[in-house]
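Beneath this line is the structure, given in structure tokens, with notes to follow.
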There are 2 protein chains.
Amino acid sequence: MAAQDLNRDLIGVAGGRWQLQTPALVIDLDVLERNIARVAAHARKNRIALRPHAKTHKSVEIARRQIEAGALGICCAKLGEAEALADGGIESILITSPVVTERGIARLMALNAKVPDLMAVCDNPEIGAMLGAAARESGKPLKVVVDIDPGMSRTGIAPGEGAIALVEQVANSAGLEYAGLQCYAGNLQHLESPNERRDRSLSVMKTLAELGDALAARGLAPNILTGGGTGTFDIDPDARTLTELQVGSYVFMDRQYNEVWQKPGDRPPFEPSLFVQTTVISANRDGLATTDAGFKSFATDAGPPVIASGAPEGASYFFFGDEQGGVLYDTSLQKLRPRDVLACIVPHCDPTANLYDCYHCVRGDVLEAIWPIEARGRVA
Amino acid sequence: MAAQDLNRDLIGVAGGRWQLQTPALVIDLDVLERNIARVAAHARKNRIALRPHAKTHKSVEIARRQIEAGALGICCAKLGEAEALADGGIESILITSPVVTERGIARLMALNAKVPDLMAVCDNPEIGAMLGAAARESGKPLKVVVDIDPGMSRTGIAPGEGAIALVEQVANSAGLEYAGLQCYAGNLQHLESPNERRDRSLSVMKTLAELGDALAARGLAPNILTGGGTGTFDIDPDARTLTELQVGSYVFMDRQYNEVWQKPGDRPPFEPSLFVQTTVISANRDGLATTDAGFKSFATDAGPPVIASGAPEGASYFFFGDEQGGVLYDTSLQKLRPRDVLACIVPHCDPTANLYDCYHCVRGDVLEAIWPIEARGRVA
């Protein structure tokens with residue numbers, strides 16, 4: 001039986017949530033809906049558009065809900081992710097990482113023929129020339145956003161003469177349509193000092209605005225200025241530079257983003273809607289229980305998960321190898337036994353969602369729906 | 001197009017390996033075959049059986065090759081993994097983690113009805129009673145191996161009176177067939193001191209042998225004594241206690257296991273056959289290139305990968321977020337550019353394989369086959 005079908009018989013059953021075969025990835029629908037509504041209200045209030053990043057959820061259903069709530073379209077990190085979401089009917093997609101190989105560019109052209117509003121990024125003149133030639137040959141212009149390095153040197157071309165020349169090249173390429181600029185400061189999203197996060201983000205935005213002005217002076221004003229993330233969602237709009245926000249993690253939140261807003265008086269603007277549900281499978285030593293969720297059930301790049309329910313106050317979770325987790329807890333409060341069920345806030349939502357084939361969507365104790373994660377594993 | 005089909009047109013094409021859409025998980029078939037043959041020869045020489053752990057590869061094709069090379073059957077970590085490999089025709093499976101929930105036990109009975117030689121483990125008398133009742137009702141006895149804790153407290157019951165009582169319960173249960181003992185010291189596999197690895201492993205084996213003797217004195221001699229891993233594959237047979245080895249990682253190896261044999265004069269007994277192939281997508285700063293493989297393309301619990309080819313001597317790989325990797329290198333040797341291709345030895349093979357839908361199997365520069373990873377993500 002496929003993973004998506006293991007728990008299908010529990011849909012609508014009272015208390016069914018706690019009978020899921022685990023590890024299972026669970027979405028609290030009430031919270032998900034609040035997060036989507038909250039960011040939409042924020043964008044409306046600040047008169048900025050939304051192009052949420054689907055690399056977080058990789059799900060057609062969630063992308064649809066984001067668009068229904070007012071988003072222009074979505075971002076995808078990779079070509080394969082975009083292909084999967086386009087197959088699900090998503091019609092406006094920005095692929096935020098450069099597509100650079102000949103075979104990748106051929107796939108990009110096939111996708112461009114199919115998707116009404118597809119945009120690719122470019123940070124390199126040679127690749128820009130390849131894109132232009134391929135698009136010309138394909139017969140449909142490809143919209144291109146020039147990717148600007150916010151100073152982290154991951155992708156993007158540094159703002160300056162090189163960037164201006166690349167914009168000119170794209171704008172003058174017969175096959176390409178110059179759509180604007182992308183500038184995403186991934187390195188600033190998790191800064192825990194609100195002042196540092198604000199100052200550095202506004203500084204990046206200032207540099208970007210200056211580049212935009214220089215381009216406008218050459219008749220190349222960017223139509224779209226896209227960037228920003230969950231960590232700076234309420235900072236970037238103040239700069240009045242970006243035209244749209246690429247927020248992603250806000251739909252789910254995770255331990256890592258919760259910790260961004262942990263200073264006294266600070267409260268995370270979004271709530272955790274994503275949980276890994278796990279079951280105790282062994283408990284033969286006092287104060288230690290073993291669960292069924294280890295390295296294969298959580299992304300581990302951001303440390304351990306937080307136990308949200310099912311274990312005594314103060315219990316901590318550790319990874320106990322590929323297949324298992326461990327829970328250290330105070331036995332004077334409760335004794336954990338095999339079959340006990342825990343819900344955990346994930347350490348890092350994007351790569352954790354990428355481990356699972358489906359979301360188990362609950363409202364309270366009821367499993368309401370099972371959504372496939374169409375773009376899971378579509379990293380190429 | 002599904003991930004398995006992205007590169008199908010390259011099968012048999014000269015140099016096709018280096019044109020794969022990436023990130024891609026690549027197996028060097030010559031090395032895989034040598035590793036499988038090497039462990040089989042080792043087992044024959046030491047007159048010990050093999051039940052390789054399929055949690056490493058989750059692949060029907062690799063399980064078949066291990067069985068063809070002489071293995072009795074395979075181990076699976078989870079019920080879902082066993083279901084997937086049974087669907088592929090594997091007929092002898094030991095599930096090495098306890099199955100404890102009512103719904104899980106119902107699935108276990110359905111699998112037992114289908115698989116000629118299925119074994120489950122148990123480390124808890126209440127769960128043993130549930131297994132017995134379910135098996136009685138199912139009409140086919142369930143073979144049960146009692147799981148013994150090697151002292152790491154992950155799963156298993158401590159050797160002693162409790163363990164003996166559990167064996168007696170299993171042996172006397174009308175629905176169950178007592179098959180033997182499991183004892184897997186996962187905590188000793190990566191000890192880098194050969195002496196410590198040997199001494200502690202032999203000490204666990206001695207305790208296990210004593211338990212076996214105590215059981216034999218009660219007419220409950222274990223038929224199977226199963227355990228061991230790649231880190232102790234050449235130690236465990238010396239104890240003459242285990243009847244079979246659960247070696248898993250030897251098929252692929254990884255950075256972590258390579259480092260177990262890094263002392264002077266020490267050489268890893270198996271060779272790395274598994275690689276993540278990745279492509280440079282951006283290289284706008286001297287000495288730093290950005291690839292397309294980040295947290296979603298490598299398990300990150302064991303640190304960064306090792307670059308095996310494609311970058312100058314001394315280059316190092318770091319994770320550059322969910323979607324990208326970074327390569328720091330000496331530009332006096334070579335200048336990396338977009339479209340350059342790197343092959344990386346994975347940090348930890350099992351959870352990395354669990355990220356991908358298929359293996360791209362190469363011989364030299366030729367892509368020979370694409371194998372699905374049937375049990376990928378089957379953690380429940």
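Residues are referred to by chain and number: the chain letter is A, B, ... according to the order shown in the structure tokens, the number counts from 1 in that chain, and ligands are numbered separately from 1 in the order shown.
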Determine, for each residue of chain B having at least one atom at most 7 Å from an atom of chain A, the closest pair of atoms and their separation in Å to one decimal, counting only C-alpha atoms; order by chain and ascending number, as a Markdown table.
| residue | atom | partner | partner_atom | distance |
| --- | --- | --- | --- | --- |
| B:Ala3 | CA | A:Arg378 | CA | 6.7 |
| B:Gln21 | CA | A:Ala380 | CA | 6.0 |
| B:Thr22 | CA | A:Ala380 | CA | 4.9 |
| B:Pro23 | CA | A:Ala380 | CA | 5.3 |
| B:Pro98 | CA | A:Ile281 | CA | 6.1 |
| B:Val100 | CA | A:Ile281 | CA | 6.1 |
| B:Thr101 | CA | A:Arg339 | CA | 5.7 |
| B:Gly104 | CA | A:Gln21 | CA | 6.9 |
| B:Ser153 | CA | A:Arg285 | CA | 6.7 |
| B:Arg154 | CA | A:Thr290 | CA | 6.0 |
| B:Thr155 | CA | A:Ser282 | CA | 5.6 |
| B:Ile157 | CA | A:Asn284 | CA | 6.4 |
| B:Ile281 | CA | A:Val100 | CA | 6.1 |
| B:Ser282 | CA | A:Thr155 | CA | 5.6 |
| B:Asn284 | CA | A:Ile157 | CA | 6.4 |
| B:Arg285 | CA | A:Ser153 | CA | 6.7 |
| B:Thr290 | CA | A:Arg154 | CA | 6.0 |
| B:Phe295 | CA | A:Pro351 | CA | 6.4 |
| B:Lys296 | CA | A:Pro351 | CA | 5.4 |
| B:Thr300 | CA | A:Asp301 | CA | 5.8 |
| B:Asp301 | CA | A:Thr300 | CA | 5.8 |
| B:Asp322 | CA | A:Pro351 | CA | 6.5 |
| B:Pro338 | CA | A:Val100 | CA | 6.7 |
| B:Arg339 | CA | A:Thr101 | CA | 5.6 |
| B:Pro351 | CA | A:Lys296 | CA | 5.4 |
| B:Asn354 | CA | A:Lys296 | CA | 6.9 |
| B:Leu355 | CA | A:Leu355 | CA | 6.4 |
| B:Tyr356 | CA | A:Gly377 | CA | 6.1 |
| B:Gly377 | CA | A:Tyr356 | CA | 6.1 |
| B:Arg378 | CA | A:Ala3 | CA | 6.7 |
| B:Val379 | CA | A:Pro23 | CA | 6.5 |
| B:Ala380 | CA | A:Thr22 | CA | 4.9 |
Kindly export the residues of the current selection with N, CA and C atoms, as a tab-separated table (two decimals), in the first residue's frame.
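part_1.tsv written:
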chain	number	residue	atom	x	y	z
B	3	ALA	N	10.87	11.75	-11.76
B	3	ALA	CA	12.31	11.81	-11.56
B	3	ALA	C	13.02	10.62	-12.23
B	21	GLN	N	20.67	15.09	-15.45
B	21	GLN	CA	20.03	16.19	-14.74
B	21	GLN	C	20.29	15.96	-13.26
B	22	THR	N	20.76	16.97	-12.58
B	22	THR	CA	21.19	16.80	-11.19
B	22	THR	C	20.40	17.71	-10.27
B	23	PRO	N	20.47	17.46	-8.93
B	23	PRO	CA	21.18	16.39	-8.25
B	23	PRO	C	20.64	15.01	-8.63
B	98	PRO	N	10.48	-2.91	16.43
B	98	PRO	CA	9.20	-3.40	16.93
B	98	PRO	C	8.01	-2.76	16.21
B	100	VAL	N	4.19	-2.05	16.96
B	100	VAL	CA	3.52	-2.04	18.26
B	100	VAL	C	2.06	-1.62	18.27
B	101	THR	N	1.63	-0.90	17.24
B	101	THR	CA	0.24	-0.40	17.30
B	101	THR	C	-0.73	-1.46	16.76
B	104	GLY	N	-0.73	-1.26	13.07
B	104	GLY	CA	0.53	-1.79	12.54
B	104	GLY	C	0.52	-3.32	12.58
B	153	SER	N	20.10	0.99	24.91
B	153	SER	CA	18.74	1.40	25.32
B	153	SER	C	17.91	2.01	24.21
B	154	ARG	N	18.15	1.59	22.97
B	154	ARG	CA	17.32	2.11	21.88
B	154	ARG	C	16.09	1.22	21.73
B	155	THR	N	16.33	-0.01	21.33
B	155	THR	CA	15.25	-1.00	21.41
B	155	THR	C	15.86	-2.23	22.05
B	157	ILE	N	15.14	-5.66	25.01
B	157	ILE	CA	14.97	-5.88	26.44
B	157	ILE	C	16.34	-6.28	26.99
B	281	ILE	N	25.84	25.83	-10.52
B	281	ILE	CA	24.81	26.68	-11.14
B	281	ILE	C	25.17	28.16	-11.08
B	282	SER	N	26.17	28.51	-10.27
B	282	SER	CA	26.54	29.92	-10.17
B	282	SER	C	27.98	29.98	-9.68
B	284	ASN	N	30.00	33.34	-9.40
B	284	ASN	CA	30.33	34.74	-9.62
B	284	ASN	C	31.37	35.29	-8.65
B	285	ARG	N	31.82	34.46	-7.70
B	285	ARG	CA	32.86	34.95	-6.80
B	285	ARG	C	34.06	34.01	-6.85
B	290	THR	N	28.66	27.63	-6.51
B	290	THR	CA	27.41	27.17	-5.92
B	290	THR	C	26.86	26.03	-6.76
B	295	PHE	N	20.48	20.85	1.45
B	295	PHE	CA	19.87	20.02	2.50
B	295	PHE	C	18.87	18.99	1.96
B	296	LYS	N	18.27	19.27	0.80
B	296	LYS	CA	17.27	18.33	0.28
B	296	LYS	C	17.90	17.22	-0.54
B	300	THR	N	22.07	15.34	6.27
B	300	THR	CA	23.09	16.25	6.82
B	300	THR	C	23.50	15.86	8.24
B	301	ASP	N	23.01	14.73	8.74
B	301	ASP	CA	23.31	14.35	10.12
B	301	ASP	C	24.78	14.03	10.34
B	322	ASP	N	18.75	24.91	1.67
B	322	ASP	CA	17.92	23.78	1.24
B	322	ASP	C	18.28	23.26	-0.14
B	338	PRO	N	29.66	27.62	-14.20
B	338	PRO	CA	28.34	26.99	-14.30
B	338	PRO	C	28.39	25.87	-15.33
B	339	ARG	N	27.68	24.77	-15.03
B	339	ARG	CA	27.60	23.55	-15.85
B	339	ARG	C	28.69	22.54	-15.49
B	351	PRO	N	20.18	7.59	5.07
B	351	PRO	CA	19.18	8.65	4.93
B	351	PRO	C	19.35	9.47	3.65
B	354	ASN	N	17.38	7.64	1.02
B	354	ASN	CA	15.95	7.83	1.31
B	354	ASN	C	15.38	9.13	0.73
B	355	LEU	N	16.24	10.01	0.21
B	355	LEU	CA	15.77	11.27	-0.37
B	355	LEU	C	15.40	11.14	-1.85
B	356	TYR	N	15.87	10.09	-2.50
B	356	TYR	CA	15.77	10.01	-3.96
B	356	TYR	C	14.79	8.95	-4.43
B	377	GLY	N	11.11	6.57	1.56
B	377	GLY	CA	10.07	7.26	2.31
B	377	GLY	C	9.13	6.34	3.06
B	378	ARG	N	9.32	5.03	2.93
B	378	ARG	CA	8.40	4.11	3.62
B	378	ARG	C	8.89	3.93	5.06
B	379	VAL	N	8.77	4.98	5.83
B	379	VAL	CA	9.24	4.98	7.22
B	379	VAL	C	8.17	4.51	8.19
B	380	ALA	N	6.91	4.45	7.74
B	380	ALA	CA	5.81	4.06	8.65
B	380	ALA	C	5.40	2.61	8.41
Members of range 187-351 of chain A assigned strand (DSSP E) by DSSP, as a PyMOL selection string: chain A and resi 224-227+244-245+274-285+288-291+306-309+316-319+325-328+341-345
Selection to disk with C-alpha atoms, as a PDB file, in the first residue's frame:
ATOM      1  CA  ILE A 224       9.201  43.087 -10.842  1.00  0.00           C
ATOM      2  CA  LEU A 225      11.495  43.317  -7.830  1.00  0.00           C
ATOM      3  CA  THR A 226      11.137  39.977  -6.092  1.00  0.00           C
ATOM      4  CA  GLY A 227      12.670  38.697  -2.855  1.00  0.00           C
ATOM      5  CA  GLU A 244       6.519  41.195  -4.170  1.00  0.00           C
ATOM      6  CA  LEU A 245       7.472  38.886  -1.313  1.00  0.00           C
ATOM      7  CA  LEU A 274       3.318  21.305  10.630  1.00  0.00           C
ATOM      8  CA  PHE A 275       4.063  18.354  12.903  1.00  0.00           C
ATOM      9  CA  VAL A 276       5.781  15.025  12.677  1.00  0.00           C
ATOM     10  CA  GLN A 277       3.612  12.565  14.560  1.00  0.00           C
ATOM     11  CA  THR A 278       5.556   9.666  16.010  1.00  0.00           C
ATOM     12  CA  THR A 279       4.822   6.634  18.176  1.00  0.00           C
ATOM     13  CA  VAL A 280       6.757   5.175  21.094  1.00  0.00           C
ATOM     14  CA  ILE A 281       7.982   1.722  20.034  1.00  0.00           C
ATOM     15  CA  SER A 282      10.158   0.786  23.009  1.00  0.00           C
ATOM     16  CA  ALA A 283      10.407   2.006  26.603  1.00  0.00           C
ATOM     17  CA  ASN A 284      12.446  -0.458  28.599  1.00  0.00           C
ATOM     18  CA  ARG A 285      14.561   2.081  30.469  1.00  0.00           C
ATOM     19  CA  LEU A 288      13.920   7.150  28.099  1.00  0.00           C
ATOM     20  CA  ALA A 289      11.440   6.231  25.378  1.00  0.00           C
ATOM     21  CA  THR A 290      12.272   5.301  21.795  1.00  0.00           C
ATOM     22  CA  THR A 291      10.070   6.563  18.967  1.00  0.00           C
ATOM     23  CA  VAL A 306      10.286  20.283  19.896  1.00  0.00           C
ATOM     24  CA  ILE A 307       7.727  17.949  21.455  1.00  0.00           C
ATOM     25  CA  ALA A 308       4.352  19.714  21.216  1.00  0.00           C
ATOM     26  CA  SER A 309       2.209  17.005  22.790  1.00  0.00           C
ATOM     27  CA  SER A 316      13.414  16.527  25.113  1.00  0.00           C
ATOM     28  CA  TYR A 317      13.752  14.758  21.776  1.00  0.00           C
ATOM     29  CA  PHE A 318      16.998  13.510  20.295  1.00  0.00           C
ATOM     30  CA  PHE A 319      17.813  11.674  17.074  1.00  0.00           C
ATOM     31  CA  GLY A 325      14.118   9.068  18.039  1.00  0.00           C
ATOM     32  CA  GLY A 326      14.699   9.195  21.756  1.00  0.00           C
ATOM     33  CA  VAL A 327      12.693  11.060  24.379  1.00  0.00           C
ATOM     34  CA  LEU A 328      14.331  11.932  27.687  1.00  0.00           C
ATOM     35  CA  VAL A 341       1.825   9.110  20.400  1.00  0.00           C
ATOM     36  CA  LEU A 342       3.802  12.365  20.248  1.00  0.00           C
ATOM     37  CA  ALA A 343       3.423  15.389  17.977  1.00  0.00           C
ATOM     38  CA  CYS A 344       6.632  17.309  17.253  1.00  0.00           C
ATOM     39  CA  ILE A 345       7.229  20.776  15.841  1.00  0.00           C
TER      40      ILE A 345
END
Length of the CA of Ala185 in chain B to CA of Gly310 in chain A vector [Å]: 28.2 Å
Point-to-point distance in Å for CA of Thr243 in chain B and CA of Asp266 in chain B: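 Taking CA of Asp266 in chain B and CA of Thr243 in chain B, their separation equals 26.9 Å.
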CA of Thr230 in chain A to CA of Pro272 in chain A, straight-line distance in Å: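 Rounded to one decimal, the two atoms are 13.0 Å apart.
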Top pick for closest residue to Leu242 in chain A, considering A:His360, A:Ser138, A:Ser273, A:Leu50 and counting only C-alpha atoms: A:Leu50
DSSP helix (DSSP H, G or I) residues within range 240-296 of chain A, as a list in words: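 Residues of range 240-296 of chain A classed as helix (DSSP H, G or I): Ser249, Tyr250, Val251, Arg255, Gln256, Tyr257, Asn258, Glu259, Val260 and Trp261 of chain A.
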Close residues, Ala165 in chain B itself excluded, 9 Å, only C-alpha atoms, min 5 positions apart in chain, as a compact mmCIF listing (two decimals) with N, CA and C atoms, in the first residue's frame:
# COMPACT_ATOMS: atom_id res chain seq x y z
N PRO B 125 6.51 -7.56 26.73
CA PRO B 125 5.52 -8.63 26.91
C PRO B 125 4.09 -8.25 26.49
N GLY B 160 18.72 -10.94 30.73
CA GLY B 160 18.44 -11.22 32.15
C GLY B 160 17.11 -11.91 32.27
N VAL B 170 6.93 -15.87 24.30
CA VAL B 170 6.85 -16.01 22.84
C VAL B 170 6.81 -17.49 22.45
Test item: residues at most 10 Å from Ala209 in chain A, only C-alpha atoms, excluding those fewer than 5 positions along its chain, as an NGL selection string: :A and (203-204 or 214-215 or 225 or 239-242)
Shortest interatomic distance to Ala129 in chain B - which of B:Gly162, B:Pro194, B:Val260, B:Ala174, counting only C-alpha atoms: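 Once distances to Ala129 in chain B are computed over only C-alpha atoms, the minimum belongs to B:Ala174.
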Nearby residues (only C-alpha atoms) at most 6 Å from Gln246 in chain A, same-chain spacing under 5 positions excluded, as a list in words: Arg51, Pro52, His53, Gly227, Gly228 and Gly229 of chain A
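Closest approach to Ala37 in chain A among A:Thr96, A:Gln182, A:Ser59, A:Gln66: A:Gln66, based on only C-alpha atoms.
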B:Glu168, B:Glu271, B:Glu368, B:Glu33 ranked by distance to Val146 in chain B, top pick (using only C-alpha atoms): B:Glu168
